[in-house]
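Structure below is entry24.cif: mmCIF, C-alpha atoms and all ligand atoms.
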data_input
loop_
_atom_site.label_atom_id
_atom_site.label_comp_id
_atom_site.auth_asym_id
_atom_site.auth_seq_id
_atom_site.Cartn_x
_atom_site.Cartn_y
_atom_site.Cartn_z
CA MET A 386 -8.69 6.72 19.83
CA ASN A 387 -6.36 6.87 16.83
CA ILE A 388 -8.08 8.54 13.91
CA LEU A 389 -6.92 9.07 10.33
CA VAL A 390 -8.34 12.25 8.76
CA THR A 391 -7.69 13.54 5.24
CA GLY A 392 -7.77 17.19 4.17
CA ILE A 393 -6.91 18.70 7.56
CA SER A 394 -5.25 21.93 6.32
CA LYS A 395 -8.44 23.99 6.09
CA GLY A 396 -12.23 24.03 5.91
CA LEU A 397 -14.21 21.18 7.36
CA GLY A 398 -11.18 18.90 7.84
CA LEU A 399 -9.49 21.48 10.06
CA GLU A 400 -12.68 21.87 12.12
CA ILE A 401 -13.05 18.10 12.51
CA THR A 402 -9.39 17.78 13.53
CA ARG A 403 -9.68 20.55 16.15
CA HIS A 404 -12.79 18.96 17.56
CA LEU A 405 -11.35 15.44 17.74
CA LEU A 406 -8.11 16.73 19.30
CA GLU A 407 -10.05 18.55 21.99
CA SER A 408 -11.71 15.30 23.00
CA GLY A 409 -8.26 13.75 23.47
CA ASN A 410 -7.92 11.65 20.31
CA ASN A 411 -4.66 11.01 18.46
CA ILE A 412 -5.00 12.34 14.95
CA PHE A 413 -3.11 11.19 11.89
CA GLY A 414 -3.82 13.94 9.40
CA ILE A 415 -3.07 14.28 5.70
CA SER A 416 -2.97 17.25 3.33
CA ARG A 417 -0.64 18.75 0.74
CA ASN A 418 -0.17 22.10 2.47
CA GLN A 419 0.62 23.15 5.97
CA THR A 420 -1.51 26.25 6.46
CA GLU A 421 -0.99 28.70 9.30
CA GLU A 422 -3.95 27.23 11.17
CA LEU A 423 -2.54 23.73 10.81
CA SER A 424 0.93 24.88 11.97
CA THR A 425 -0.65 26.38 15.07
CA LEU A 426 -2.51 23.16 15.81
CA LEU A 427 0.70 21.13 15.30
CA ASN A 428 2.57 23.39 17.71
CA THR A 429 -0.07 23.18 20.41
CA HIS A 430 -1.09 19.51 20.16
CA LYS A 431 1.37 16.65 20.65
CA ASN A 432 -1.38 14.21 19.72
CA LEU A 433 -1.55 15.55 16.15
CA ASN A 434 0.63 13.85 13.52
CA TRP A 435 0.77 15.27 10.01
CA LEU A 436 1.78 13.73 6.69
CA GLN A 437 2.24 15.80 3.58
CA TYR A 438 0.76 13.62 0.88
CA ASP A 439 -0.99 14.24 -2.42
CA LEU A 440 -4.09 12.07 -2.59
CA ALA A 441 -3.88 12.12 -6.38
CA ASP A 442 -1.28 9.38 -5.79
CA SER A 443 -3.01 6.09 -5.01
CA THR A 444 0.08 3.92 -5.59
CA ASN A 445 2.00 4.89 -2.45
CA VAL A 446 -0.87 4.60 0.04
CA LYS A 447 0.51 1.37 1.47
CA THR A 448 4.15 2.42 1.90
CA LYS A 449 3.84 6.14 2.66
CA VAL A 450 0.56 6.34 4.55
CA PHE A 451 0.32 2.97 6.24
CA ASN A 452 3.84 1.52 6.64
CA GLU A 453 5.69 4.77 7.31
CA PHE A 454 3.10 7.15 8.81
CA ILE A 455 0.71 4.93 10.73
CA GLY A 456 2.98 1.92 11.24
CA ASN A 457 1.82 -0.39 13.98
CA THR A 458 -0.73 1.98 15.46
CA PRO A 459 -4.22 0.46 15.68
CA LEU A 460 -6.68 2.69 13.84
CA HIS A 461 -10.14 3.26 15.33
CA ALA A 462 -11.56 5.49 12.63
CA PHE A 463 -10.96 6.93 9.18
CA ILE A 464 -12.54 10.23 8.14
CA ASN A 465 -12.48 10.58 4.36
CA ASN A 466 -12.86 14.34 4.14
CA ALA A 467 -10.43 15.66 1.47
CA ALA A 468 -11.99 16.32 -1.91
CA VAL A 469 -11.83 18.61 -4.88
CA ALA A 470 -14.71 19.91 -6.95
CA TYR A 471 -14.52 20.00 -10.72
CA ASP A 472 -17.21 22.49 -11.52
CA ASP A 473 -18.44 22.70 -15.12
CA LEU A 474 -21.31 21.86 -17.43
CA ILE A 475 -21.45 18.27 -18.64
CA THR A 476 -21.12 19.48 -22.20
CA ASN A 477 -17.61 20.74 -21.31
CA LEU A 478 -16.54 17.50 -19.61
CA ASN A 479 -12.83 16.76 -20.00
CA ASP A 480 -11.03 13.54 -19.18
CA GLU A 481 -8.01 15.00 -17.44
CA PRO A 482 -9.78 17.02 -14.67
CA LEU A 483 -12.40 14.27 -14.37
CA LEU A 484 -9.77 11.62 -13.72
CA SER A 485 -7.74 13.71 -11.35
CA MET A 486 -10.88 14.50 -9.31
CA TYR A 487 -11.80 10.82 -9.20
CA ARG A 488 -8.29 9.97 -7.97
CA VAL A 489 -8.53 12.38 -5.04
CA ASN A 490 -12.21 11.91 -4.17
CA VAL A 491 -12.71 8.20 -4.88
CA PHE A 492 -9.78 5.99 -5.93
CA THR A 493 -7.23 6.91 -3.26
CA PRO A 494 -9.88 6.91 -0.50
CA MET A 495 -10.85 3.39 -1.60
CA HIS A 496 -7.22 2.29 -1.26
CA ILE A 497 -7.07 3.92 2.16
CA VAL A 498 -10.21 2.02 3.22
CA LYS A 499 -8.53 -1.20 2.02
CA TYR A 500 -5.55 -0.68 4.33
CA CYS A 501 -7.72 0.68 7.17
CA ILE A 502 -9.75 -2.51 7.20
CA ARG A 503 -6.54 -4.54 7.09
CA ASN A 504 -5.21 -2.53 10.03
CA MET A 505 -8.48 -3.07 11.94
CA LEU A 506 -8.41 -6.81 11.27
CA LEU A 507 -4.84 -7.09 12.52
CA HIS A 508 -5.58 -5.21 15.73
CA ASN A 509 -9.10 -6.56 16.26
CA THR A 510 -10.58 -3.07 16.31
CA LYS A 511 -14.21 -2.43 15.57
CA GLY A 512 -13.41 0.66 13.55
CA SER A 513 -15.60 3.38 12.13
CA ILE A 514 -15.25 4.68 8.58
CA ILE A 515 -16.86 8.01 7.73
CA HIS A 516 -17.06 9.54 4.26
CA ILE A 517 -17.96 13.18 3.77
CA SER A 518 -20.50 13.21 0.97
CA SER A 519 -22.45 16.11 -0.45
CA ILE A 520 -26.07 17.08 -0.81
CA SER A 521 -25.36 17.66 -4.51
CA ALA A 522 -25.43 13.87 -5.00
CA HIS A 523 -29.10 13.91 -3.91
CA THR A 524 -30.61 17.15 -5.11
CA GLY A 525 -28.52 18.14 -8.12
CA TYR A 526 -27.02 21.54 -8.85
CA LYS A 527 -26.09 22.98 -12.20
CA GLY A 528 -22.37 22.47 -12.83
CA LEU A 529 -21.85 19.87 -10.12
CA ALA A 530 -22.74 16.68 -12.03
CA MET A 531 -19.19 15.36 -12.23
CA TYR A 532 -18.38 16.27 -8.62
CA ALA A 533 -21.68 14.84 -7.35
CA SER A 534 -20.96 11.57 -9.15
CA THR A 535 -17.81 11.08 -7.03
CA LYS A 536 -19.94 11.39 -3.90
CA GLY A 537 -22.51 8.95 -5.27
CA ALA A 538 -19.65 6.49 -5.80
CA LEU A 539 -18.51 6.93 -2.19
CA GLU A 540 -22.03 6.42 -0.85
CA ALA A 541 -22.35 3.13 -2.73
CA PHE A 542 -18.88 2.06 -1.61
CA SER A 543 -19.73 2.89 2.01
CA LYS A 544 -22.99 0.95 1.98
CA ASN A 545 -21.15 -2.11 0.65
CA THR A 546 -18.26 -1.70 3.10
CA ALA A 547 -20.84 -1.80 5.90
CA ARG A 548 -22.39 -4.97 4.51
CA GLU A 549 -19.10 -6.73 3.81
CA TRP A 550 -17.34 -6.00 7.14
CA GLY A 551 -20.24 -5.64 9.56
CA GLU A 552 -19.61 -9.10 10.95
CA LYS A 553 -16.24 -7.87 12.18
CA GLY A 554 -17.87 -4.90 13.87
CA ILE A 555 -16.44 -2.47 11.32
CA ARG A 556 -18.93 0.30 10.48
CA SER A 557 -19.14 2.68 7.54
CA ASN A 558 -21.35 5.74 7.15
CA CYS A 559 -21.62 8.85 5.01
CA LEU A 560 -22.36 12.37 6.15
CA VAL A 561 -24.30 14.12 3.44
CA VAL A 562 -23.29 17.72 3.98
CA GLY A 563 -25.01 20.80 2.64
CA PHE A 564 -23.43 24.08 1.57
CA MET A 565 -20.70 25.38 3.92
CA GLU A 566 -18.68 28.62 3.68
CA THR A 567 -15.22 27.21 2.87
CA ASP A 568 -12.60 27.67 0.14
CA MET A 569 -14.38 25.03 -1.91
CA SER A 570 -17.46 27.22 -2.23
CA SER A 571 -15.64 30.59 -2.31
CA THR A 572 -16.07 31.12 -6.06
CA LEU A 573 -19.87 31.30 -5.77
CA THR A 574 -21.48 34.76 -6.04
CA PRO A 575 -23.74 36.04 -3.24
CA GLU A 576 -26.75 35.45 -5.54
CA GLN A 577 -25.76 31.84 -6.14
CA LYS A 578 -25.27 31.32 -2.41
CA ASN A 579 -28.64 32.89 -1.70
CA ARG A 580 -30.33 30.56 -4.14
CA ILE A 581 -28.73 27.58 -2.35
CA PHE A 582 -29.87 28.90 1.07
CA GLN A 583 -33.42 29.31 -0.24
CA ARG A 584 -33.45 25.58 -0.96
CA THR A 585 -32.90 24.80 2.75
CA SER A 586 -35.28 24.92 5.71
CA LEU A 587 -32.88 26.88 7.88
CA LYS A 588 -32.01 29.36 5.05
CA LYS A 589 -28.28 29.61 5.90
CA PRO A 590 -24.96 27.80 5.40
CA VAL A 591 -24.27 24.55 7.26
CA ASP A 592 -22.20 25.01 10.41
CA PRO A 593 -19.02 22.87 10.16
CA ARG A 594 -19.17 22.33 13.94
CA SER A 595 -22.41 20.44 13.48
CA VAL A 596 -20.60 18.13 11.05
CA ALA A 597 -17.60 17.76 13.38
CA GLU A 598 -19.91 16.84 16.29
CA THR A 599 -21.56 14.15 14.18
CA VAL A 600 -18.16 12.80 13.12
CA SER A 601 -17.17 12.63 16.76
CA PHE A 602 -20.41 10.77 17.61
CA LEU A 603 -19.94 8.29 14.76
CA THR A 604 -16.37 7.49 15.81
CA SER A 605 -17.52 6.75 19.37
CA GLU A 606 -19.05 3.65 20.90
CA LYS A 607 -22.28 5.64 21.36
CA SER A 608 -23.07 5.04 17.69
CA ASN A 609 -22.29 1.32 17.68
CA SER A 610 -25.60 0.33 16.06
CA ILE A 611 -25.35 2.81 13.20
CA THR A 612 -23.83 1.57 9.95
CA GLY A 613 -24.48 1.71 6.22
CA GLN A 614 -26.30 5.03 6.60
CA ASN A 615 -26.31 8.37 4.86
CA ILE A 616 -26.82 10.99 7.53
CA PHE A 617 -27.95 14.35 6.20
CA ILE A 618 -26.41 17.48 7.73
CA ASP A 619 -27.82 19.91 5.25
CA ASN A 620 -29.97 22.49 7.10
CA GLY A 621 -33.02 20.60 5.90
CA THR A 622 -32.60 20.87 2.14
CA ILE A 623 -35.95 20.91 0.38
CA MET B 744 7.53 -20.85 10.62
CA ARG B 745 5.08 -23.79 10.71
CA ASP B 746 4.30 -23.14 14.35
CA THR B 747 3.74 -19.44 13.72
CA VAL B 748 1.37 -20.14 10.82
CA HIS B 749 -0.46 -22.71 12.95
CA GLN B 750 -0.81 -20.12 15.70
CA ILE B 751 -2.06 -17.48 13.25
CA ILE B 752 -4.67 -19.88 11.84
CA ASN B 753 -5.93 -20.57 15.35
CA THR B 754 -6.05 -16.86 16.18
CA VAL B 755 -8.28 -16.28 13.14
CA LEU B 756 -10.49 -19.24 14.08
CA ALA B 757 -10.74 -18.06 17.68
CA ASN B 758 -11.72 -14.55 16.58
CA ARG B 759 -14.80 -15.98 14.89
CA GLY B 760 -15.56 -18.43 17.71
CA LYS B 761 -14.68 -21.41 15.51
CA LYS B 762 -13.09 -24.71 16.56
CA LEU B 763 -9.27 -24.57 16.73
CA ILE B 764 -7.08 -27.10 14.95
CA ASP B 765 -4.62 -29.36 16.83
CA SER B 766 -2.23 -30.06 13.99
CA LEU B 767 -1.38 -28.65 10.60
CA ASN B 768 -0.54 -30.51 7.41
CA ASP B 769 0.05 -29.36 3.86
CA SER B 770 -2.93 -31.06 2.27
CA MET B 771 -5.47 -29.35 4.54
CA ARG B 772 -7.94 -27.19 2.62
CA LEU B 773 -8.39 -23.72 4.10
CA ARG B 774 -12.16 -23.61 3.58
CA ASP B 775 -13.35 -27.21 3.79
CA ASP B 776 -10.95 -28.66 6.37
CA ILE B 777 -10.05 -25.64 8.48
CA GLY B 778 -13.41 -23.90 8.19
CA PHE B 779 -12.37 -20.48 6.91
CA ASP B 780 -14.79 -18.26 4.99
CA SER B 781 -13.77 -15.28 2.85
CA LEU B 782 -13.59 -12.87 5.82
CA ASP B 783 -11.33 -15.29 7.71
CA LEU B 784 -9.10 -15.65 4.67
CA ALA B 785 -8.78 -11.85 4.51
CA GLU B 786 -7.76 -11.78 8.16
CA LEU B 787 -5.35 -14.66 7.58
CA THR B 788 -3.59 -12.73 4.79
CA VAL B 789 -3.29 -9.64 6.96
CA ARG B 790 -1.85 -11.56 9.93
CA ILE B 791 0.59 -13.51 7.79
CA GLU B 792 1.72 -10.34 6.06
CA ALA B 793 2.28 -8.61 9.40
CA GLN B 794 4.50 -11.53 10.44
CA PHE B 795 6.35 -12.47 7.24
CA ASN B 796 5.93 -9.39 5.03
CA VAL B 797 4.33 -11.42 2.21
CA ASP B 798 0.79 -10.91 0.95
CA ILE B 799 -0.08 -14.56 0.22
CA PHE B 800 -3.09 -13.64 -1.93
CA GLU B 801 -1.37 -11.01 -4.04
CA LYS B 802 -0.64 -13.48 -6.83
CA GLY B 803 -4.11 -15.05 -6.78
CA ILE B 804 -6.20 -17.10 -4.43
CA ILE B 805 -4.79 -20.19 -2.70
CA SER B 806 -6.74 -23.07 -1.22
CA THR B 807 -4.45 -25.32 0.86
CA VAL B 808 -2.04 -24.98 3.77
CA GLY B 809 0.81 -26.23 1.54
CA GLU B 810 0.25 -23.30 -0.81
CA ILE B 811 0.70 -20.85 2.08
CA PHE B 812 4.22 -22.22 2.62
CA GLU B 813 4.86 -22.11 -1.14
CA ARG B 814 4.10 -18.36 -1.14
CA LEU B 815 6.23 -17.79 1.95
CA LYS B 816 9.33 -19.42 0.37
N1 LIG A 901 -17.91 23.42 1.11
C1 LIG A 901 -19.11 22.88 0.85
O1 LIG A 901 -20.07 23.59 0.60
C2 LIG A 901 -19.29 21.38 0.88
C3 LIG A 901 -20.59 20.88 0.76
C4 LIG A 901 -20.79 19.50 0.82
C5 LIG A 901 -19.72 18.66 1.01
N2 LIG A 901 -18.46 19.16 1.11
C6 LIG A 901 -17.37 18.21 1.30
O2 LIG A 901 -16.72 18.50 2.52
C7 LIG A 901 -15.37 18.04 2.46
C8 LIG A 901 -14.44 19.16 2.89
O3 LIG A 901 -14.56 20.24 1.98
P1 LIG A 901 -14.18 21.74 2.33
O4 LIG A 901 -15.35 22.56 2.00
O5 LIG A 901 -13.59 21.81 3.70
O6 LIG A 901 -13.06 22.00 1.21
P2 LIG A 901 -11.71 22.82 1.24
O7 LIG A 901 -11.83 23.99 2.16
O8 LIG A 901 -11.38 23.07 -0.18
O9 LIG A 901 -10.67 21.79 1.89
C9 LIG A 901 -10.31 20.61 1.22
C10 LIG A 901 -9.25 19.86 2.00
O10 LIG A 901 -8.87 18.73 1.23
C11 LIG A 901 -7.46 18.72 1.01
N3 LIG A 901 -7.11 18.21 -0.30
C12 LIG A 901 -7.63 18.58 -1.50
N4 LIG A 901 -6.99 17.94 -2.49
C13 LIG A 901 -6.03 17.16 -1.91
C14 LIG A 901 -5.04 16.28 -2.42
N5 LIG A 901 -4.86 16.08 -3.73
N6 LIG A 901 -4.22 15.64 -1.53
C15 LIG A 901 -4.36 15.86 -0.21
N7 LIG A 901 -5.29 16.68 0.32
C16 LIG A 901 -6.10 17.33 -0.52
C17 LIG A 901 -7.06 20.19 1.14
O11 LIG A 901 -5.71 20.26 1.58
P3 LIG A 901 -4.49 20.78 0.67
O12 LIG A 901 -5.05 21.74 -0.32
O13 LIG A 901 -3.56 21.36 1.67
O14 LIG A 901 -3.95 19.54 0.05
C18 LIG A 901 -8.01 20.68 2.23
O15 LIG A 901 -7.46 20.42 3.51
C19 LIG A 901 -15.17 17.57 1.03
O16 LIG A 901 -15.34 16.17 0.97
C20 LIG A 901 -16.28 18.25 0.27
O17 LIG A 901 -16.63 17.54 -0.89
C21 LIG A 901 -18.22 20.51 1.06
#
Just dump the structure as structure tokens.
Amino acid sequence: MNILVTGISKGLGLEITRHLLESGNNIFGISRNQTEELSTLLNTHKNLNWLQYDLADSTNVKTKVFNEFIGNTPLHAFINNAAVAYDDLITNLNDEPLLSMYRVNVFTPMHIVKYCIRNMLLHNTKGSIIHISSISAHTGYKGLAMYASTKGALEAFSKNTAREWGEKGIRSNCLVVGFMETDMSSTLTPEQKNRIFQRTSLKKPVDPRSVAETVSFLTSEKSNSITGQNIFIDNGTI
Amino acid sequence: MRDTVHQIINTVLANRGKKLIDSLNDSMRLRDDIGFDSLDLAELTVRIEAQFNVDIFEKGIISTVGEIFERLK
């Protein structure tokens, strides 16, 4: 399968990419930086293609991502993984960081979905779209209101994508992920992390491999009756 | 170009299991005469763009076959 994945330079995106490569998929990956881990993957996997692109730019999605990078390749799945977190109290909300987060987390992914569906229509592929959402959109955490709202937007967009394009066999789902130990969460203190763990059944961080396995399942034919869902991978948040 | 557009229209119809059309004329309405719904029209745009590099709906919705050729001029 040919799969487009955003945010493959580190964290969850890197884990998902590794996993999908190992099962023999062709990956079209996007990020701004080429980390050491990504360089290694690029050197060892011919089936990994990388585009340096800043997702804050929604205007060049068609030319740069679709015409030049993906070209005539039929896409079977899109994993919308890249995101940034603007962490602050609502009383400090500022337009500039709010807008730039929305561009990366919501607006550009929506444009990518537009061209993914167009690609799938052209090639008659029953593609699978997967958004990485966050448990913060469901439970609420102090400081994450703005960030969580981007994930709420994606969940609504995904549900409607499923409804609109289901007749063509195109599916869309969200993975609602709980706290993981990545760069995104690295600024939290051990006490803050502990408080988050205490709110889960399993009392520990979410294992990115568990998310990658679910992504892999949702891209495959095995999941062909699952669409319009939010699937929680959150260690049983309570 | 007419033959290609005719072929594309029939591809879209076939993909939805709808009845193909034998001939194409400019006054035909895409929805009422050809039988396209909004999903078919989306697929039509995509297939025409892949062939002719023009997004026929970019400048607003069109409703007849003749208007397709207008946009492709
Ligand atoms: N960590 C958690 O606890 C947690 C919990 C729930 C959900 N999530 C979600 O999981 C997903 C992955 O997060 P993570 O924890 O792996 O974060 P991360 O370690 O910070 O990685 C984020 C990835 O997104 C890419 N990215 C960020 N901004 C970009 C931009 N403007 N253009 C292109 N790429 C960009 C980064 O690449 P470059 O910097 O190289 O561009 C990086 O590869 C996100 O959707 C996040 O919201 C995370």
Exercise: range 449-453 of chain A partners within 12 Å, only C-alpha atoms, chain neighbours under 5 positions left out, as a count of residues only: 33
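For the choices A:Ser534, A:Asn411, A:Asn509, A:Ser608, the atom-to-atom distance to ligand LIG 901 (chain A) is smallest for A:Ser534 when using all atoms listed in the file.
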Protein and nucleic acid residues within 6 Å of ligand LIG 901 (chain A) (all atoms listed in the file) as a ChimeraX atom specification: /A:392-398,416-418,438-441,466-469,489,517-519,562-570
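Nearest to Val797 in chain B of all the residues B:Ile751, B:Leu784, B:Leu815, B:Gly809 is B:Leu815, counting all atoms listed in the file.
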At most 7 Å to chain A: residues in chain B, only C-alpha atoms, as a list of chain:residue names: B:Glu786, B:Val789, B:Arg790
Kindly export the residues of the current selection with C-alpha atoms, as a compact mmCIF listing (two decimals), in the frame of the given file.
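To be explicit, this is the file written out as result-v9.txt:
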# COMPACT_ATOMS: atom_id res chain seq x y z
CA GLU B 786 -7.76 -11.78 8.16
CA VAL B 789 -3.29 -9.64 6.96
CA ARG B 790 -1.85 -11.56 9.93
Separation of CA of Ser513 in chain A from CA of Lys607 in chain A, in Å and rounded to one decimal: 11.6 Å
Please, what is the axis-aligned box for every listed atom of range 806-814 of chain B with 3 Å on each side, as centre and edge lengths in Å to one decimal, as lines of an AutoDock Vina configuration file?
center_x = -0.9
center_y = -22.3
center_z = 1.3
size_x = 17.6
size_y = 13.9
size_z = 11.0
Selection: 10 Å around Gln794 in chain B, all atoms listed in the file, excl. self and same-chain fewer than 6 positions, as a JSON list (two decimals) with C-alpha atoms, in the coordinates of the input:
[["chain", "number", "residue", "atom", "x", "y", "z"],
["B", 744, "MET", "CA", 7.53, -20.85, 10.62],
["B", 747, "THR", "CA", 3.74, -19.44, 13.72],
["B", 748, "VAL", "CA", 1.37, -20.14, 10.82],
["B", 751, "ILE", "CA", -2.06, -17.48, 13.25],
["B", 788, "THR", "CA", -3.59, -12.73, 4.79]]
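Closest to Glu422 in chain A among A:Ser595, A:Asn410, A:Thr535, A:Thr402 is A:Thr402, based on only C-alpha atoms.
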Among the residues B:Asp798, B:Gly803, B:Ile752, B:Phe812, the one that comes closest to Arg774 in chain B [using all atoms listed in the file]: B:Ile752
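Of note, CA of Asn609 in chain A and CA of Ala757 in chain B are spaced 22.6 Å apart.
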Can you tell me, as a compact mmCIF listing (two decimals) with C-alpha atoms, keeping the file's coordinate frame, which residues sit within 10 Å of (-7.9, -16.0, -3.3) in the file's frame, using all atoms listed in the file?
# COMPACT_ATOMS: atom_id res chain seq x y z
CA SER B 781 -13.77 -15.28 2.85
CA LEU B 784 -9.10 -15.65 4.67
CA ALA B 785 -8.78 -11.85 4.51
CA THR B 788 -3.59 -12.73 4.79
CA ILE B 799 -0.08 -14.56 0.22
CA PHE B 800 -3.09 -13.64 -1.93
CA GLU B 801 -1.37 -11.01 -4.04
CA LYS B 802 -0.64 -13.48 -6.83
CA GLY B 803 -4.11 -15.05 -6.78
CA ILE B 804 -6.20 -17.10 -4.43
CA ILE B 805 -4.79 -20.19 -2.70
CA SER B 806 -6.74 -23.07 -1.22
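Across the model, the gap from CA of Ile514 in chain A to CA of Asn465 in chain A is 7.8 Å.
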Radius query 8 Å about (-9.9, 11.7, 16.7), atoms used: all atoms listed in the file, as number ranges by chain: A: 386-389, 402, 404-406, 408-412, 462, 601, 604
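Nearest-residue note for Gly512 in chain A: choosing from A:Asp480, A:Glu606, A:Glu540, A:Asp472, the minimum distance belongs to A:Glu606, counting only C-alpha atoms.
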